[in-house]
Amino acid sequence: MQKLLSYPLSCIYYLCFLLTLIIFHPIQWICFNLFGYQAHKVSVDILQFCLMRCANILGTRFSYINPYEIDTNRPLIIVANHQSLHDIYPLTWFMRKHHPKFISKIELGKGIPSVSYNLRHGGAALIDRKNPRQSLPALMKFGEYLEKNKRSGVIFPEGTRSKNGKPKPFQTKGLEVLFKKTPSALIVPITINNSWKMLRYGKFPMGLGNHLKFTVHKPIELATFADKQELINSIEKTITKSIES
């Protein structure tokens with residue numbers, strides 16, 4: 001019965017989602033080109049809020065659990081598990097005070113209203129995962145950007161999303177590069193739960209009535225760890241042990 005109900009609601013959701021992206025594309029262009037970075041960021045923040053409201057059509061709820069005071073005037077490396085594209089817009093909204101920037105595959109930099117424009121102009125790292133000669137310098141430049149501008153870099157070390165919620169092993173190369181190029185960063189581990197259920201039937205119809213949870217764990221001073229592999233293992237364990245089965 002729920003899946004049957006999901007068909008008409010998914011049509012409404014996708015229509016609203018697409019219209020939101022189309023409407024905000026010229027808004028982003030105007031903000032960025034006429035008023036600069038800060039205005040563009042505000043437009044992107046509002047976009048994320050609107051995308052969350054679109055998800056409410058499907059009965060989606062969002063929770064952000066963060067008992068920690070996190071400095072807004074220093075670079076962060078936000079490390080999270082990855083379950084679906086529905087990780088991204090709530091995480092961007094909840095962490096908006098920290099100017100989150102994503103590491104994304106280069107294909108997303110073209111052809112998607114609002115999304116591609118923001119990735120190209122908002123400070124993201126666009127990498128070709130099949131080409132280390134491109135991806136490594138892009139990651140290094142991204143880390144230097146975070147350090148210089150006190151931004152937050154979001155990385156999903158699994159490399160690809162989990163289709164059933166079960167975490168994949170962390171790939172360490174991207175983290176190692178960011179650790180090297182953003183030495184003053186604070187590491188913020190985040191566990192994401194139930195995002196994969198949005199796509200439990202595939203891309204259509206959408207899953208209904210899901211409660212997406214974003215749990216922030218105790219931030220870690222990067223500089224206090226000499227053994228970066230030990231740090232990565234600790235972060236992975238912290239994140240994965242809170243993933244709901």
# chains A, B, ... in the order shown; residues from 1 in each chain; ligands from 1
call {"tool": "residues_around", "arguments": {"residues": "Asp128 of chain A", "least_positions_apart": "6", "cutoff": "9 Å", "atoms": "only C-alpha atoms", "output": "ChimeraX atom specification"}}
result
/A:104-107,134-135
call {"tool": "write_last_selection", "arguments": {"atoms": "N, CA, C and O atoms", "output": "CSV table (one decimal), in the first residue's frame"}}
result
chain,number,residue,atom,x,y,z
A,104,SER,N,33.4,16.1,-5.3
A,104,SER,CA,32.4,15.5,-6.1
A,104,SER,C,33.0,14.9,-7.4
A,104,SER,O,34.1,15.4,-7.8
A,105,LYS,N,32.4,14.0,-8.0
A,105,LYS,CA,32.9,13.5,-9.3
A,105,LYS,C,32.7,14.5,-10.3
A,105,LYS,O,31.7,15.2,-10.3
A,106,ILE,N,33.6,14.6,-11.3
A,106,ILE,CA,33.7,15.7,-12.2
A,106,ILE,C,32.4,15.7,-13.1
A,106,ILE,O,32.0,16.8,-13.6
A,107,GLU,N,31.8,14.6,-13.3
A,107,GLU,CA,30.6,14.5,-14.2
A,107,GLU,C,29.4,15.4,-13.7
A,107,GLU,O,28.6,15.9,-14.5
A,134,GLN,N,44.7,14.0,-12.5
A,134,GLN,CA,43.7,15.1,-12.4
A,134,GLN,C,43.3,15.2,-10.9
A,134,GLN,O,43.2,16.3,-10.3
A,135,SER,N,42.9,14.0,-10.4
A,135,SER,CA,42.2,14.0,-9.0
A,135,SER,C,43.1,14.4,-7.9
A,135,SER,O,42.7,15.2,-7.0
call {"tool": "residues_around", "arguments": {"residues": "segment 71-76 of chain A", "least_positions_apart": "2", "cutoff": "10 Å", "atoms": "only C-alpha atoms", "output": "PyMOL selection string"}}
result
chain A and resi 68-69+78-79+95-100+143+145-154+182-188+219-222
call {"tool": "residues_around", "arguments": {"residues": "Asn118 of chain A", "least_positions_apart": "6", "cutoff": "8 Å", "atoms": "only C-alpha atoms", "output": "list in words"}}
result
Gln28, Val44 and Ala124 of chain A
call {"tool": "atom_distance", "arguments": {"atom1": "atom CA of Asn194 of chain A", "atom2": "atom CA of Thr240 of chain A"}}
result
13.3 Å
call {"tool": "residues_around", "arguments": {"residues": "Pro137 of chain A", "least_positions_apart": "5", "cutoff": "10 Å", "atoms": "only C-alpha atoms", "output": "list in words"}}
result
Ile127, Pro132, Phe142, Gly143 and Val177 of chain A
